[in-house]
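**Q** Got a structure for you, query31.cif, holding mmCIF, C-alpha atoms and all ligand atoms.
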data_entry
#
loop_
_atom_site.label_atom_id
_atom_site.label_comp_id
_atom_site.auth_asym_id
_atom_site.auth_seq_id
_atom_site.Cartn_x
_atom_site.Cartn_y
_atom_site.Cartn_z
CA MET U 281 120.18 45.97 157.21
CA PHE U 282 122.56 44.63 159.79
CA ALA U 283 121.55 43.02 163.07
CA PHE U 284 124.11 43.68 165.79
CA ASN U 285 124.24 41.10 168.55
CA PHE U 286 125.77 42.13 171.88
CA ASN U 287 125.21 40.31 175.19
CA ASN U 288 122.49 38.28 173.42
CA THR U 289 120.49 41.36 172.42
CA THR U 290 120.02 42.39 168.81
CA MET U 291 119.79 45.91 167.41
CA HIS U 292 118.85 46.92 163.88
CA ILE U 293 121.48 48.96 162.06
CA PHE U 294 120.95 50.55 158.64
CA TYR U 295 123.66 52.03 156.43
CA GLY U 296 121.32 53.03 153.59
CA LYS U 297 118.22 55.22 153.54
CA ALA U 298 116.15 52.95 151.25
CA ALA U 299 116.38 49.96 153.59
CA LEU U 300 115.70 52.16 156.64
CA ARG U 301 112.59 53.67 155.00
CA ASP U 302 111.29 50.20 154.06
CA TYR U 303 111.82 48.95 157.58
CA LEU U 304 110.12 51.95 159.19
CA LYS U 305 107.19 51.48 156.81
CA SER U 306 106.94 47.80 157.76
CA ILE U 307 106.67 48.53 161.50
CA LYS U 308 104.33 51.50 161.16
CA THR U 309 100.87 51.18 162.70
CA SER U 310 98.00 53.69 162.83
CA ASN U 311 99.00 55.13 166.20
CA SER U 312 102.75 54.45 166.28
CA THR U 313 105.17 57.32 166.81
CA ILE U 314 108.81 57.69 165.86
CA GLY U 315 111.21 59.53 168.15
CA PHE U 316 114.42 60.64 166.49
CA VAL U 317 117.79 61.59 167.96
CA PRO U 318 120.25 62.86 165.33
CA THR U 319 123.90 62.69 166.43
CA MET U 320 127.41 62.75 165.05
CA GLY U 321 128.42 59.83 167.26
CA ALA U 322 131.07 59.60 169.99
CA LEU U 323 128.05 59.15 172.21
CA HIS U 324 128.06 60.42 175.78
CA GLN U 325 125.55 60.52 178.63
CA GLY U 326 123.97 63.68 177.18
CA HIS U 327 123.06 61.82 173.97
CA LEU U 328 121.85 58.80 175.93
CA ALA U 329 119.54 61.05 177.99
CA LEU U 330 117.91 62.30 174.76
CA MET U 331 117.44 58.70 173.66
CA GLN U 332 115.99 57.70 177.02
CA LYS U 333 113.41 60.48 176.69
CA SER U 334 112.61 59.37 173.17
CA LEU U 335 112.24 55.73 174.24
CA LEU U 336 109.81 56.81 176.98
CA GLU U 337 107.73 59.05 174.72
CA ASN U 338 107.58 57.06 171.46
CA LYS U 339 106.78 53.58 170.20
CA ASN U 340 109.96 53.52 168.07
CA THR U 341 113.23 55.39 168.41
CA VAL U 342 115.64 56.06 165.57
CA VAL U 343 119.17 57.32 166.27
CA SER U 344 121.40 58.58 163.49
CA ILE U 345 125.18 58.68 163.63
CA PHE U 346 126.66 60.74 160.84
CA VAL U 347 129.60 63.16 160.93
CA ASN U 348 128.14 65.69 158.53
CA PRO U 349 130.94 67.23 156.42
CA THR U 350 128.91 70.23 155.24
CA GLN U 351 128.56 71.76 158.73
CA PHE U 352 132.32 71.91 159.39
CA ASN U 353 133.98 75.15 158.35
CA ASN U 354 137.32 73.96 159.73
CA PRO U 355 138.84 70.91 157.92
CA GLU U 356 141.00 70.04 160.96
CA ASP U 357 137.92 69.93 163.18
CA LEU U 358 136.22 67.56 160.68
CA ALA U 359 139.30 65.33 160.37
CA LYS U 360 139.76 65.11 164.14
CA TYR U 361 136.10 64.67 165.03
CA PRO U 362 135.96 61.41 167.05
CA ARG U 363 134.52 58.44 165.14
CA THR U 364 133.75 55.55 167.48
CA LEU U 365 130.96 53.59 165.80
CA GLU U 366 131.77 50.24 167.40
CA GLU U 367 131.76 51.72 170.92
CA ASP U 368 128.63 53.72 170.11
CA VAL U 369 126.77 50.60 168.98
CA LYS U 370 127.63 48.89 172.29
CA LYS U 371 126.30 51.88 174.24
CA LEU U 372 123.09 51.94 172.21
CA THR U 373 122.50 48.21 172.60
CA ALA U 374 123.10 48.46 176.35
CA LEU U 375 120.61 51.34 176.56
CA SER U 376 117.95 49.55 174.53
CA PRO U 377 118.15 47.02 171.69
CA LYS U 378 114.84 48.57 170.55
CA ILE U 379 116.82 51.52 169.17
CA ILE U 380 117.01 51.56 165.38
CA LEU U 381 120.36 52.92 164.25
CA TYR U 382 120.91 54.73 160.97
CA ALA U 383 124.64 55.16 160.28
CA PRO U 384 124.77 56.31 156.65
CA THR U 385 127.73 57.03 154.43
CA VAL U 386 128.32 60.49 152.91
CA GLU U 387 127.26 58.97 149.56
CA ASP U 388 123.96 57.71 150.96
CA ILE U 389 123.08 61.15 152.33
CA TYR U 390 124.46 63.42 149.62
CA ASP U 391 124.27 61.25 146.46
CA GLY U 392 127.78 62.23 145.45
CA GLN U 393 127.26 65.96 146.11
CA PRO U 394 128.13 66.91 149.68
CA LEU U 395 126.88 70.48 149.38
CA SER U 396 124.73 72.67 151.61
CA GLN U 397 121.43 74.17 150.70
CA SER U 398 121.14 77.88 151.52
CA PHE U 399 118.64 78.80 154.25
CA ASP U 400 117.06 81.94 155.59
CA PHE U 401 116.52 81.51 159.33
CA ASP U 402 115.34 85.10 159.83
CA GLY U 403 118.75 86.21 161.04
CA LEU U 404 119.21 83.52 163.73
CA GLU U 405 122.02 82.16 161.58
CA ASN U 406 124.06 85.37 161.65
CA GLN U 407 124.82 85.48 165.37
CA MET U 408 127.49 83.73 167.45
CA GLU U 409 128.17 80.28 165.89
CA GLY U 410 126.98 81.69 162.56
CA GLU U 411 129.43 84.58 162.75
CA PHE U 412 132.42 82.47 163.74
CA ARG U 413 131.60 79.34 161.69
CA PRO U 414 130.54 80.61 158.25
CA GLY U 415 128.24 78.17 156.48
CA HIS U 416 127.78 76.05 159.61
CA PHE U 417 124.02 76.49 159.88
CA ASN U 418 123.40 75.90 156.17
CA GLY U 419 125.15 72.55 156.74
CA VAL U 420 123.08 71.82 159.85
CA GLY U 421 119.84 72.83 158.10
CA THR U 422 120.69 70.66 155.10
CA ILE U 423 121.44 67.52 157.09
CA VAL U 424 118.61 67.87 159.61
CA LYS U 425 116.06 68.46 156.82
CA ARG U 426 117.37 65.46 154.90
CA LEU U 427 117.30 63.24 157.99
CA PHE U 428 113.76 64.40 158.80
CA GLU U 429 112.70 63.48 155.24
CA ILE U 430 114.25 60.02 155.56
CA VAL U 431 113.11 59.17 159.11
CA ALA U 432 109.80 61.12 159.12
CA PRO U 433 109.87 61.43 162.91
CA THR U 434 106.94 62.44 165.12
CA ASN U 435 109.30 63.94 167.72
CA ALA U 436 112.94 64.97 167.38
CA TYR U 437 115.22 65.56 170.37
CA PHE U 438 118.06 68.10 170.55
CA GLY U 439 120.30 69.15 173.45
CA GLU U 440 120.20 72.74 174.71
CA LYS U 441 123.99 72.97 174.72
CA ASP U 442 123.63 73.86 171.04
CA PHE U 443 120.85 76.29 171.85
CA GLN U 444 121.31 78.30 168.65
CA GLN U 445 121.06 75.09 166.62
CA LEU U 446 117.87 74.18 168.51
CA GLN U 447 116.27 77.57 167.68
CA ILE U 448 117.37 77.24 164.05
CA VAL U 449 115.90 73.74 163.68
CA LYS U 450 112.62 75.02 165.20
CA LYS U 451 112.65 77.91 162.72
CA MET U 452 113.32 75.58 159.79
CA VAL U 453 110.46 73.29 160.82
CA ALA U 454 108.07 76.25 161.20
CA LYS U 455 109.04 77.83 157.87
CA ALA U 456 108.87 74.56 155.91
CA ASN U 457 105.69 73.42 157.72
CA LEU U 458 107.31 70.11 158.63
CA GLU U 459 105.24 67.77 160.77
CA VAL U 460 107.69 67.12 163.57
CA ASN U 461 107.82 68.33 167.17
CA VAL U 462 111.27 69.64 168.00
CA ILE U 463 112.01 69.03 171.68
CA GLY U 464 114.86 70.78 173.49
CA CYS U 465 116.44 68.89 176.40
CA PRO U 466 118.59 70.16 179.31
CA ILE U 467 122.39 70.17 179.12
CA TYR U 468 124.15 67.19 180.65
CA ARG U 469 127.31 68.07 182.58
CA GLU U 470 130.41 66.21 183.74
CA SER U 471 131.19 66.13 187.49
CA ASN U 472 133.05 69.48 187.21
CA HIS U 473 130.03 70.91 185.33
CA LEU U 474 131.75 70.96 181.92
CA ALA U 475 128.94 70.57 179.36
CA MET U 476 129.10 67.09 177.83
CA SER U 477 130.33 67.13 174.26
CA SER U 478 131.95 64.63 171.92
CA ARG U 479 134.83 67.11 171.59
CA ASN U 480 135.64 66.68 175.31
CA GLU U 481 137.26 63.36 174.31
CA ARG U 482 140.03 65.36 172.66
CA LEU U 483 140.95 67.25 175.87
CA SER U 484 143.85 66.12 178.05
CA PRO U 485 142.87 65.20 181.63
CA HIS U 486 144.34 68.56 182.79
CA GLU U 487 142.44 70.57 180.14
CA ARG U 488 139.24 68.68 180.94
CA GLU U 489 139.55 69.49 184.61
CA GLU U 490 140.43 73.14 184.01
CA ALA U 491 137.50 73.49 181.57
CA ALA U 492 135.35 73.87 184.69
CA ILE U 493 136.11 77.58 184.24
CA ILE U 494 133.49 77.75 181.45
CA TYR U 495 130.47 76.87 183.56
CA LYS U 496 131.90 78.73 186.56
CA THR U 497 132.06 81.87 184.42
CA LEU U 498 128.48 81.33 183.29
CA THR U 499 127.16 80.95 186.84
CA ILE U 500 128.91 84.17 187.94
CA THR U 501 127.49 85.82 184.82
CA LYS U 502 124.00 84.82 185.90
CA GLU U 503 124.51 86.31 189.34
CA LYS U 504 125.93 89.55 187.94
CA PHE U 505 123.16 89.86 185.35
CA GLN U 506 120.60 90.35 188.13
CA THR U 507 122.11 93.74 189.05
CA GLU U 508 124.43 94.76 186.18
CA SER U 509 123.96 95.69 182.52
CA PRO U 510 124.71 93.16 179.75
CA GLU U 511 127.66 95.34 178.70
CA SER U 512 129.21 95.39 182.16
CA VAL U 513 128.81 91.59 182.52
CA THR U 514 130.38 91.06 179.09
CA GLU U 515 133.35 93.27 179.99
CA TRP U 516 133.86 91.27 183.18
CA VAL U 517 133.95 87.98 181.23
CA LYS U 518 136.44 89.36 178.68
CA LYS U 519 138.73 90.49 181.51
CA ALA U 520 138.41 87.15 183.30
CA PHE U 521 139.81 85.37 180.21
CA GLU U 522 142.41 88.01 179.33
CA ASN U 523 145.20 86.51 181.41
CA ASN U 524 144.21 82.89 180.98
CA THR U 525 147.02 81.06 179.18
CA LEU U 526 145.05 77.83 178.63
CA PHE U 527 141.69 79.12 177.36
CA THR U 528 141.08 81.73 174.66
CA LEU U 529 137.69 83.37 174.59
CA GLU U 530 136.19 83.43 171.09
CA TYR U 531 132.92 85.08 172.05
CA PHE U 532 130.72 85.82 175.01
CA VAL U 533 127.26 87.17 174.21
CA ILE U 534 124.16 87.95 176.23
CA ALA U 535 121.23 87.61 173.87
CA ASP U 536 117.46 87.51 173.65
CA GLU U 537 116.47 83.82 173.67
CA GLU U 538 113.99 84.19 170.80
CA THR U 539 115.84 86.44 168.34
CA LEU U 540 119.38 85.61 169.53
CA LEU U 541 120.21 89.28 169.02
CA PRO U 542 122.75 90.65 171.50
CA SER U 543 120.99 92.63 174.21
CA VAL U 544 122.05 96.10 175.25
CA ILE U 545 119.29 96.74 177.77
CA LYS U 546 117.20 94.39 179.86
CA GLU U 547 113.55 94.44 178.93
CA PRO U 548 110.85 92.99 181.19
CA ASN U 549 109.09 89.85 179.91
CA LYS U 550 112.04 88.86 177.76
CA LYS U 551 114.14 85.77 178.31
CA TYR U 552 117.90 86.20 178.16
CA ARG U 553 120.73 83.74 177.79
CA ALA U 554 124.51 83.92 177.94
CA PHE U 555 126.46 82.11 175.21
CA ILE U 556 130.18 81.36 175.31
CA ALA U 557 132.75 79.78 172.99
CA VAL U 558 136.36 79.15 174.02
CA PHE U 559 139.37 77.46 172.51
CA VAL U 560 141.71 75.20 174.41
CA ASN U 561 144.60 73.75 172.44
CA ASN U 562 142.68 74.23 169.15
CA ILE U 563 139.62 72.44 170.54
CA ARG U 564 136.48 74.55 170.52
CA LEU U 565 134.02 74.29 173.41
CA ILE U 566 130.66 76.04 173.74
CA ASP U 567 128.18 76.42 176.57
CA THR U 568 125.12 78.45 177.50
CA ILE U 569 123.00 79.38 180.52
CA SER U 570 119.54 80.88 180.96
CA LEU U 571 119.86 84.18 182.84
CA ASN U 572 116.30 84.87 183.98
O1 LIG V 1 124.28 68.50 167.15
C1 LIG V 1 124.78 67.66 166.37
O2 LIG V 1 125.37 66.66 166.77
C2 LIG V 1 124.69 67.93 164.87
O3 LIG V 1 124.75 69.27 164.59
C3 LIG V 1 123.44 67.28 164.24
C4 LIG V 1 122.16 67.87 164.76
C5 LIG V 1 123.44 65.78 164.49
C6 LIG V 1 123.46 67.50 162.73
O4 LIG V 1 124.60 66.96 162.14
#
Represent the structure from my file as structure tokens, please.
Ligand code: PAF
**A**
Amino acid sequence: MFAFNFNNTTMHIFYGKAALRDYLKSIKTSNSTIGFVPTMGALHQGHLALMQKSLLENKNTVVSIFVNPTQFNNPEDLAKYPRTLEEDVKKLTALSPKIILYAPTVEDIYDGQPLSQSFDFDGLENQMEGEFRPGHFNGVGTIVKRLFEIVAPTNAYFGEKDFQQLQIVKKMVAKANLEVNVIGCPIYRESNHLAMSSRNERLSPHEREEAAIIYKTLTITKEKFQTESPESVTEWVKKAFENNTLFTLEYFVIADEETLLPSVIKEPNKKYRAFIAVFVNNIRLIDTISLN
């Protein structure tokens, strides 16, 4: 264990699972709860909001920072993923020195074998991110399951920006009968409504400003969806990006919130969502909006 002192406040940091488990055991009482926020670091306000919720709702809060290699299908994306542990620790301590940080090594998590387990998420894994990032959700399932085993949280908090990931984690928990409540939390946005993401750090100021187009497109989509078919809305989005020299549309999908299957018709009593992924200068950004 390592105790980080910043502005005269001390936070517990663990780099190994054995020491973390021992510590969590030592502070456990009959009615104590553990809130857990798994992250890959480069913390932003969206992450801190999840932690704030956890701090409010649980006796103890564990945050993990681990850039999980098995969920990256693109080696460049993994290599360039921002790693800012020192800054992150300062942000966590400023938020609350009560936070317990787990920042493991690849060795500590994977015991020398950084490989994914194979999961069946009832087809949720085949859509959108699953189609364009082969193996991604096996990597996410593997790491989240492992972290849940290590931390044994009562409640785990995930942002709705990665809505497909949220549904997949809920599915994994249901199928494996894990005793953890998975709680989805609203998307945090920058002042131009760009969804907060650690990848935003890689954008130039101009790209970051222009990325407002993503949420703008989603809000127009929502308006159009009230009177137009999913197909017509999708065509409109494709056209809107056709002549854009800065942003390349990877996918735009209107899907059923539960099954994540693309919707052709609108059925009453179903919840729909639009999902979008775009590239700007090799940086991939995703966003989503509830349509009804
Ligand atoms: O959403 C993320 O940051 C990651 O996918 C997660 C859940 C921390 C697993 O590595």
**Q** Write out as a list in words the residues lying within 10 Å of Glu409 in chain U, counting all atoms listed in the file and excluding same-chain residues fewer than 6 positions away.
**A**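 After dropping sequence-adjacent residues, the list is Gly415, His416, Phe417, Asp442, Gln444, Gln445, Tyr531, Phe555, Ile556, Ala557 and Ile566 of chain U.
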**Q** What would the file look like if the residues just selected were written as a tab-separated table (two decimals), in the frame of the given file with C-alpha atoms?
**A**
chain	number	residue	atom	x	y	z
U	415	GLY	CA	128.24	78.17	156.48
U	416	HIS	CA	127.78	76.05	159.61
U	417	PHE	CA	124.02	76.49	159.88
U	442	ASP	CA	123.63	73.86	171.04
U	444	GLN	CA	121.31	78.30	168.65
U	445	GLN	CA	121.06	75.09	166.62
U	531	TYR	CA	132.92	85.08	172.05
U	555	PHE	CA	126.46	82.11	175.21
U	556	ILE	CA	130.18	81.36	175.31
U	557	ALA	CA	132.75	79.78	172.99
U	566	ILE	CA	130.66	76.04	173.74
**Q** Identify, counting only C-alpha atoms and all ligand atoms, the protein, DNA and RNA residues located within 7 Å of ligand LIG 1 (chain V), and give them as a compact mmCIF listing (two decimals) with C-alpha atoms, in the coordinates of the input.
**A**
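To be explicit, this is the file written out as result_21.txt:
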# COMPACT_ATOMS: atom_id res chain seq x y z
CA PRO U 318 120.25 62.86 165.33
CA THR U 319 123.90 62.69 166.43
CA MET U 320 127.41 62.75 165.05
CA PHE U 346 126.66 60.74 160.84
CA VAL U 347 129.60 63.16 160.93
CA ASN U 348 128.14 65.69 158.53
CA VAL U 420 123.08 71.82 159.85
CA ILE U 423 121.44 67.52 157.09
CA VAL U 424 118.61 67.87 159.61
CA ASP U 442 123.63 73.86 171.04
**Q** Taking into account all atoms listed in the file, which residue in the set U:Ser396, U:Thr364, U:Asn354, U:Thr373 is nearest to Phe412 in chain U?
**A** U:Asn354
**Q** What separation in Å, quoted to one decimal, exists between CA of Val369 in chain U and CA of Val342 in chain U?
**A** 12.9 Å
**Q** Calculate how many Å separate CA of Glu470 in chain U from CA of Ile345 in chain U, rounding to one decimal.
**A**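 CA of Glu470 in chain U sits 22.1 Å away from CA of Ile345 in chain U.
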**Q** For a cut-off of 12 Å around (118.0, 54.8, 171.1), file coordinates, pick out all residues using all atoms listed in the file and list them as number ranges by chain.
**A** U: 291-293, 314-319, 323, 327-345, 368-382, 436-437
**Q** What is the distance, in Å and to one decimal place, between CA of Asn480 in chain U and CA of Lys441 in chain U?
**A** 13.3 Å
**Q** I'd like the neighbourhood of range 507-512 of chain U as a VMD selection string, where a residue qualifies if any of its atoms comes within 7 Å (using all atoms listed in the file), though same-chain residues fewer than 2 positions away should be ignored.
**A** chain U and resid 504 to 505 514 to 516 534 543 to 545
